[in-house]
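upload_11.pdb, holding PDB, C-alpha atoms:
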```
ATOM      1  CA  MET A  18      69.663 115.729 112.495
ATOM      2  CA  SER A  19      71.084 115.232 115.974
ATOM      3  CA  GLU A  20      67.875 116.674 117.409
ATOM      4  CA  LEU A  21      66.204 113.379 116.437
ATOM      5  CA  PHE A  22      68.379 111.656 119.039
ATOM      6  CA  ASP A  23      68.504 113.057 122.549
ATOM      7  CA  ALA A  24      71.477 112.414 124.821
ATOM      8  CA  ALA A  25      69.699 109.661 126.761
ATOM      9  CA  GLN A  26      68.860 107.738 123.588
ATOM     10  CA  ILE A  27      72.422 107.980 122.303
ATOM     11  CA  VAL A  28      73.930 106.848 125.604
ATOM     12  CA  HIS A  29      71.430 103.963 125.767
ATOM     13  CA  LEU A  30      72.409 102.805 122.284
ATOM     14  CA  ILE A  31      76.105 103.055 123.103
ATOM     15  CA  SER A  32      75.761 101.239 126.418
ATOM     16  CA  THR A  33      73.669  98.489 124.775
ATOM     17  CA  TYR A  34      75.469  97.928 121.477
ATOM     18  CA  GLY A  35      78.892  99.386 122.211
ATOM     19  CA  TYR A  36      81.408 100.198 119.525
ATOM     20  CA  TRP A  37      79.247  99.037 116.622
ATOM     21  CA  VAL A  38      76.824 101.915 117.169
ATOM     22  CA  ILE A  39      79.712 104.315 116.675
ATOM     23  CA  PHE A  40      80.887 102.536 113.543
ATOM     24  CA  VAL A  41      77.447 102.229 111.923
ATOM     25  CA  VAL A  42      76.240 105.783 112.647
ATOM     26  CA  VAL A  43      79.524 107.398 111.563
ATOM     27  CA  ALA A  44      79.681 105.227 108.428
ATOM     28  CA  LEU A  45      76.099 106.045 107.425
ATOM     29  CA  GLU A  46      76.638 109.756 107.992
ATOM     30  CA  SER A  47      79.838 109.668 105.958
ATOM     31  CA  SER A  48      78.144 107.873 103.066
ATOM     32  CA  GLY A  49      75.479 110.578 102.770
ATOM     33  CA  PHE A  50      72.818 109.950 105.426
ATOM     34  CA  PRO A  51      72.028 112.891 107.756
ATOM     35  CA  LEU A  52      72.855 111.173 111.049
ATOM     36  CA  PRO A  53      74.695 112.591 114.106
ATOM     37  CA  GLY A  54      78.006 110.762 113.728
ATOM     38  CA  GLU A  55      80.078 113.377 115.516
ATOM     39  CA  THR A  56      77.603 113.568 118.411
ATOM     40  CA  VAL A  57      77.743 109.785 118.820
ATOM     41  CA  LEU A  58      81.543 109.872 118.845
ATOM     42  CA  VAL A  59      81.612 112.631 121.475
ATOM     43  CA  ALA A  60      78.932 110.931 123.604
ATOM     44  CA  ALA A  61      80.797 107.606 123.484
ATOM     45  CA  ALA A  62      84.081 109.254 124.477
ATOM     46  CA  ILE A  63      82.455 111.074 127.412
ATOM     47  CA  TYR A  64      80.711 107.842 128.447
ATOM     48  CA  ALA A  65      84.069 106.037 128.371
ATOM     49  CA  GLY A  66      85.673 108.754 130.476
ATOM     50  CA  GLN A  67      82.949 108.691 133.084
ATOM     51  CA  THR A  68      82.265 104.946 133.349
ATOM     52  CA  ALA A  69      85.329 103.142 131.957
ATOM     53  CA  LYS A  70      82.931 100.655 130.319
ATOM     54  CA  LEU A  71      84.324 101.449 126.886
ATOM     55  CA  ASP A  72      87.918 101.833 125.786
ATOM     56  CA  ILE A  73      88.775 105.202 124.213
ATOM     57  CA  THR A  74      91.287 103.620 121.824
ATOM     58  CA  SER A  75      88.613 101.287 120.475
ATOM     59  CA  ILE A  76      86.147 104.177 120.181
ATOM     60  CA  ILE A  77      88.623 106.126 118.062
ATOM     61  CA  VAL A  78      89.426 103.087 115.906
ATOM     62  CA  PHE A  79      85.743 102.300 115.260
ATOM     63  CA  ALA A  80      84.939 105.968 114.550
ATOM     64  CA  ALA A  81      87.871 106.363 112.154
ATOM     65  CA  ALA A  82      87.007 103.076 110.427
ATOM     66  CA  GLY A  83      83.377 104.147 110.057
ATOM     67  CA  ALA A  84      84.432 107.502 108.633
ATOM     68  CA  ILE A  85      86.834 105.984 106.119
ATOM     69  CA  ILE A  86      84.572 103.131 105.001
ATOM     70  CA  GLY A  87      81.443 105.300 104.894
ATOM     71  CA  ASP A  88      83.199 107.961 102.844
ATOM     72  CA  ASN A  89      84.410 105.324 100.406
ATOM     73  CA  ILE A  90      80.849 104.047  99.983
ATOM     74  CA  GLY A  91      79.631 107.592  99.348
ATOM     75  CA  TYR A  92      82.496 108.212  96.929
ATOM     76  CA  TRP A  93      81.739 105.162  94.792
ATOM     77  CA  ILE A  94      77.996 105.863  94.829
ATOM     78  CA  GLY A  95      78.720 109.379  93.585
ATOM     79  CA  ARG A  96      81.229 108.127  91.020
ATOM     80  CA  ARG A  97      78.930 105.408  89.662
ATOM     81  CA  TYR A  98      75.535 107.115  89.736
ATOM     82  CA  GLY A  99      76.037 110.813  90.459
ATOM     83  CA  THR A 100      77.164 111.963  87.031
ATOM     84  CA  ARG A 101      74.260 110.276  85.240
ATOM     85  CA  PHE A 102      71.864 111.715  87.808
ATOM     86  CA  LEU A 103      73.199 115.248  87.279
ATOM     87  CA  GLN A 104      73.264 114.840  83.513
ATOM     88  CA  ARG A 105      69.588 113.968  83.636
ATOM     89  CA  PHE A 106      68.322 116.372  86.281
ATOM     90  CA  GLY A 107      71.108 118.955  86.576
ATOM     91  CA  PRO A 108      69.793 121.258  83.802
ATOM     92  CA  ILE A 109      66.621 121.716  85.843
ATOM     93  CA  VAL A 110      68.666 123.602  88.470
ATOM     94  CA  GLY A 111      71.131 125.175  86.029
ATOM     95  CA  ILE A 112      73.893 122.545  86.104
ATOM     96  CA  ASP A 113      74.689 121.951  82.449
ATOM     97  CA  ALA A 114      77.484 119.897  80.865
ATOM     98  CA  ARG A 115      80.074 122.692  81.107
ATOM     99  CA  LYS A 116      79.373 123.242  84.785
ATOM    100  CA  LEU A 117      79.763 119.522  85.383
ATOM    101  CA  ARG A 118      83.194 119.832  83.779
ATOM    102  CA  LEU A 119      83.933 122.829  85.978
ATOM    103  CA  GLY A 120      83.116 120.753  89.061
ATOM    104  CA  GLN A 121      85.568 118.091  87.892
ATOM    105  CA  TYR A 122      88.228 120.755  87.354
ATOM    106  CA  LEU A 123      87.737 122.300  90.801
ATOM    107  CA  PHE A 124      87.951 118.890  92.492
ATOM    108  CA  MET A 125      91.006 118.107  90.380
ATOM    109  CA  ARG A 126      92.712 121.193  91.841
ATOM    110  CA  TRP A 127      91.363 121.352  95.394
ATOM    111  CA  GLY A 128      89.449 118.127  95.921
ATOM    112  CA  GLY A 129      91.860 116.722  98.495
ATOM    113  CA  SER A 130      91.468 119.771 100.731
ATOM    114  CA  ILE A 131      87.679 119.660 100.358
ATOM    115  CA  VAL A 132      87.606 116.006 101.439
ATOM    116  CA  PHE A 133      89.999 116.545 104.365
ATOM    117  CA  PHE A 134      88.501 119.720 105.842
ATOM    118  CA  GLY A 135      84.963 118.645 104.992
ATOM    119  CA  ARG A 136      85.291 115.958 107.681
ATOM    120  CA  PHE A 137      85.175 118.724 110.328
ATOM    121  CA  VAL A 138      82.058 120.546 109.010
ATOM    122  CA  ALA A 139      78.636 118.952 109.501
ATOM    123  CA  ILE A 140      77.100 119.503 106.068
ATOM    124  CA  LEU A 141      80.304 118.750 104.163
ATOM    125  CA  ARG A 142      80.871 115.644 106.273
ATOM    126  CA  ILE A 143      77.703 114.220 104.723
ATOM    127  CA  LEU A 144      78.262 115.445 101.157
ATOM    128  CA  ALA A 145      82.003 115.699 100.504
ATOM    129  CA  ALA A 146      82.596 112.050  99.615
ATOM    130  CA  VAL A 147      79.624 111.873  97.251
ATOM    131  CA  LEU A 148      80.690 115.121  95.573
ATOM    132  CA  ALA A 149      84.239 113.807  95.244
ATOM    133  CA  GLY A 150      82.871 110.759  93.445
ATOM    134  CA  VAL A 151      80.579 112.791  91.202
ATOM    135  CA  ASN A 152      83.474 115.056  90.251
ATOM    136  CA  ARG A 153      85.843 112.152  89.540
ATOM    137  CA  LEU A 154      88.490 112.916  92.147
ATOM    138  CA  ALA A 155      91.282 110.372  91.602
ATOM    139  CA  PRO A 156      90.559 107.320  93.803
ATOM    140  CA  MET A 157      93.995 107.133  95.469
ATOM    141  CA  ARG A 158      94.023 110.870  96.147
ATOM    142  CA  PHE A 159      90.554 110.599  97.648
ATOM    143  CA  PHE A 160      91.563 107.655  99.798
ATOM    144  CA  ALA A 161      94.660 109.421 101.155
ATOM    145  CA  PHE A 162      92.916 112.660 102.132
ATOM    146  CA  ASN A 163      89.833 110.805 103.359
ATOM    147  CA  ALA A 164      91.869 108.486 105.587
ATOM    148  CA  ALA A 165      93.877 111.385 107.005
ATOM    149  CA  GLY A 166      90.745 113.409 107.713
ATOM    150  CA  GLY A 167      88.918 110.465 109.288
ATOM    151  CA  VAL A 168      91.769 109.534 111.620
ATOM    152  CA  ILE A 169      92.534 113.105 112.729
ATOM    153  CA  TRP A 170      88.839 113.865 113.224
ATOM    154  CA  ALA A 171      88.333 110.742 115.361
ATOM    155  CA  LEU A 172      91.445 111.516 117.415
ATOM    156  CA  ALA A 173      90.581 115.187 117.939
ATOM    157  CA  PHE A 174      86.962 114.712 118.966
ATOM    158  CA  GLY A 175      87.452 111.370 120.695
ATOM    159  CA  LEU A 176      90.390 112.416 122.864
ATOM    160  CA  GLY A 177      88.986 115.913 123.417
ATOM    161  CA  ALA A 178      85.702 114.566 124.732
ATOM    162  CA  PHE A 179      87.388 111.802 126.749
ATOM    163  CA  PHE A 180      89.797 114.058 128.642
ATOM    164  CA  LEU A 181      87.582 117.139 128.939
ATOM    165  CA  SER A 182      84.399 115.111 129.514
ATOM    166  CA  ALA A 183      81.256 117.225 130.013
ATOM    167  CA  GLY A 184      83.193 120.423 129.390
ATOM    168  CA  PHE A 185      83.829 119.315 125.828
ATOM    169  CA  LYS A 186      80.129 118.655 125.355
ATOM    170  CA  ARG A 187      79.367 122.252 126.317
ATOM    171  CA  VAL A 188      81.723 123.668 123.712
ATOM    172  CA  GLU A 189      80.979 121.149 120.951
ATOM    173  CA  GLY A 190      77.771 122.931 119.939
ATOM    174  CA  PRO A 191      79.275 126.445 119.748
ATOM    175  CA  VAL A 192      82.384 125.156 117.961
ATOM    176  CA  GLY A 193      80.198 123.312 115.458
ATOM    177  CA  ALA A 194      78.083 126.426 114.916
ATOM    178  CA  VAL A 195      81.183 128.547 114.310
ATOM    179  CA  ALA A 196      82.558 125.961 111.869
ATOM    180  CA  ALA A 197      79.232 125.786 110.011
ATOM    181  CA  THR A 198      79.029 129.582 109.861
ATOM    182  CA  GLY A 199      82.580 129.763 108.568
ATOM    183  CA  ALA A 200      81.800 127.150 105.940
ATOM    184  CA  LEU A 201      78.688 129.073 104.856
ATOM    185  CA  ILE A 202      80.644 132.312 104.575
ATOM    186  CA  GLY A 203      83.306 130.477 102.596
ATOM    187  CA  LEU A 204      80.716 129.004 100.237
ATOM    188  CA  ILE A 205      79.159 132.419  99.654
ATOM    189  CA  ALA A 206      82.603 133.888  98.968
ATOM    190  CA  LEU A 207      83.388 131.053  96.553
ATOM    191  CA  TRP A 208      80.061 131.522  94.801
ATOM    192  CA  ARG A 209      80.745 135.252  94.429
ATOM    193  CA  TYR A 210      84.228 134.541  93.125
ATOM    194  CA  TYR A 211      82.797 132.031  90.658
ATOM    195  CA  LYS A 212      80.177 134.434  89.310
ATOM    196  CA  ILE A 213      82.805 137.133  88.799
ATOM    197  CA  ASN A 214      85.233 134.734  87.088
ATOM    198  CA  GLU A 215      82.747 132.314  85.509
ATOM    199  CA  ARG A 216      83.948 132.566  81.918
ATOM    200  CA  ARG A 217      87.628 132.269  82.853
ATOM    201  CA  LEU A 218      87.033 129.280  85.130
ATOM    202  CA  LEU A 219      84.939 127.475  82.518
ATOM    203  CA  ALA A 220      87.663 128.062  79.921
ATOM    204  CA  GLU A 221      90.334 126.810  82.349
ATOM    205  CA  ALA A 222      88.243 123.715  83.073
ATOM    206  CA  ASP A 223      87.819 122.940  79.369
ATOM    207  CA  ALA A 224      91.544 123.390  78.713
ATOM    208  CA  ALA A 225      92.647 121.304  81.702
ATOM    209  CA  LEU A 226      90.243 118.427  81.081
ATOM    210  CA  ASP A 227      90.837 118.403  77.322
ATOM    211  CA  ALA A 228      94.585 118.190  77.995
ATOM    212  CA  GLN A 229      93.970 114.965  79.942
ATOM    213  CA  VAL A 230      92.255 113.292  76.975
ATOM    214  CA  PRO A 231      94.854 111.349  74.956
ATOM    215  CA  SER A 232      95.015 112.306  71.308
ATOM    216  CA  ALA A 233      93.934 109.728  68.720
TER     217      ALA A 233
END
```
As structure tokens, what does this structure read like?
Amino acid sequence: MSELFDAAQIVHLISTYGYWVIFVVVALESSGFPLPGETVLVAAAIYAGQTAKLDITSIIVFAAAGAIIGDNIGYWIGRRYGTRFLQRFGPIVGIDARKLRLGQYLFMRWGGSIVFFGRFVAILRILAAVLAGVNRLAPMRFFAFNAAGGVIWALAFGLGAFFLSAGFKRVEGPVGAVAATGALIGLIALWRYYKINERRLLAEADAALDAQVPSA
């Protein structure tokens, strides 16, 4: 969605409204809206490096805070409304009750890694928190991995853009494309693995989730 905002528009917003633009855009992206949070962070850091009108420490703090708070909003939206939504409309696209349980099982095993690494991939950055909520990732586990991912992401992209300035902007696009391609390849591989092992994974999910239900 970053094509909806050209560089001049982003810089104008940052120069006019300062740190709050970073916070709001990153928070909205993290909660599930397709906005260019990473581009705004990079643009703000480059702007700070070239003009000294913004402080890079404050940029990183506002970006990390937006990421953490936005992800928590997305998580609780997914946790409160996502399951009912999928129960109602999921069968239309082949997501039945057992596959919902499988999603919970997979997030129970690897949900922390999905939340952490998802912060660095555009599509997952928008969806990971909502999916974590839908799949009932434990709140404290979500918060820990989400906070770690948000802080490291803000530091890496904020400091990288600040010290490398325009050079970082030139490599941001290719790096993002490589990350997105890698994520797509990984998703295809996971889908293939799932189809090959579908029955075993569904059985494992049933056993693991049933074991968590206290006996009467």
Picked residues, the PyMOL selection byres ((chain A and resi 145) around 8), expected as an MDAnalysis selection string: chainID A and resid 131:132 135:136 141:144 146:149
One-decimal distance in Å that lies between atom CA of A:Ile90 and atom CA of A:Gly166: 15.7 Å
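The residues caught by the PyMOL selection byres ((chain A and resi 43) around 7) in this file are Ile39, Phe40, Val41, Val42, Ala44, Leu45, Glu46, Ser47, Gly54, Ala80, Gly83 and Ala84 of chain A.
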Print the selection's residues with C-alpha atoms to a file, as a PDB file, in the frame of the given file.
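Saved to again-v8.pdb:
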```
ATOM      1  CA  ILE A  39      79.712 104.315 116.675  1.00  0.00           C
ATOM      2  CA  PHE A  40      80.887 102.536 113.543  1.00  0.00           C
ATOM      3  CA  VAL A  41      77.447 102.229 111.923  1.00  0.00           C
ATOM      4  CA  VAL A  42      76.240 105.783 112.647  1.00  0.00           C
ATOM      5  CA  ALA A  44      79.681 105.227 108.428  1.00  0.00           C
ATOM      6  CA  LEU A  45      76.099 106.045 107.425  1.00  0.00           C
ATOM      7  CA  GLU A  46      76.638 109.756 107.992  1.00  0.00           C
ATOM      8  CA  SER A  47      79.838 109.668 105.958  1.00  0.00           C
ATOM      9  CA  GLY A  54      78.006 110.762 113.728  1.00  0.00           C
ATOM     10  CA  ALA A  80      84.939 105.968 114.550  1.00  0.00           C
ATOM     11  CA  GLY A  83      83.377 104.147 110.057  1.00  0.00           C
ATOM     12  CA  ALA A  84      84.432 107.502 108.633  1.00  0.00           C
TER      13      ALA A  84
END
```
Taking every listed atom of stretch 128-134 of chain A and adding 8 Å to each side, what centre and edge lengths in Å (one decimal) does the axis-aligned box have, as AutoDock Vina command-line options?
```
--center_x 89.7 --center_y 117.9 --center_z 100.9 --size_x 20.3 --size_y 19.8 --size_z 25.9
```
Hits of the PyMOL selection byres ((chain A and resi 94) around 12) in this structure, as an MDAnalysis selection string: chainID A and resid 47:49 87:93 95:102 144 146:153
Atom-to-atom span, atom CA of A:Gly167 and atom CA of A:Ser130, Å: 12.9 Å
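Rounded to one decimal, atom CA of A:Trp127 and atom CA of A:Leu154 lie 9.5 Å from each other.
Taking all atoms listed in the file into account, A:Arg216 lies nearest to A:Leu119 out of the set A:Ile31, A:Leu119, A:Leu52, A:Ala69.
Shortest atom-to-atom contact with A:Phe50 among A:Leu30, A:Ala171, A:Leu201, A:Ile140: A:Ile140, counting only C-alpha atoms.
When all atoms listed in the file are used to compute distances to A:Ser75, the closest of the residues A:Leu103, A:Ala139, A:Ala178, A:Ala62 turns out to be A:Ala62.
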Minimum-distance residue to A:Ser32, chosen among A:Ala161, A:Val57, A:Leu71, A:Arg118 (using only C-alpha atoms):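 With only C-alpha atoms as the atom set, the closest residue is A:Leu71.
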From A:Phe159, A:Phe137, A:Phe179, A:Phe174, residue lying nearest A:Ile73 [only C-alpha atoms]: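 Once distances to A:Ile73 are computed over only C-alpha atoms, the minimum belongs to A:Phe179.
Using all atoms listed in the file for every distance, the candidate list A:Thr198, A:Thr68, A:Gln26, A:Thr74 yields A:Thr74 as the residue closest to A:Leu176.
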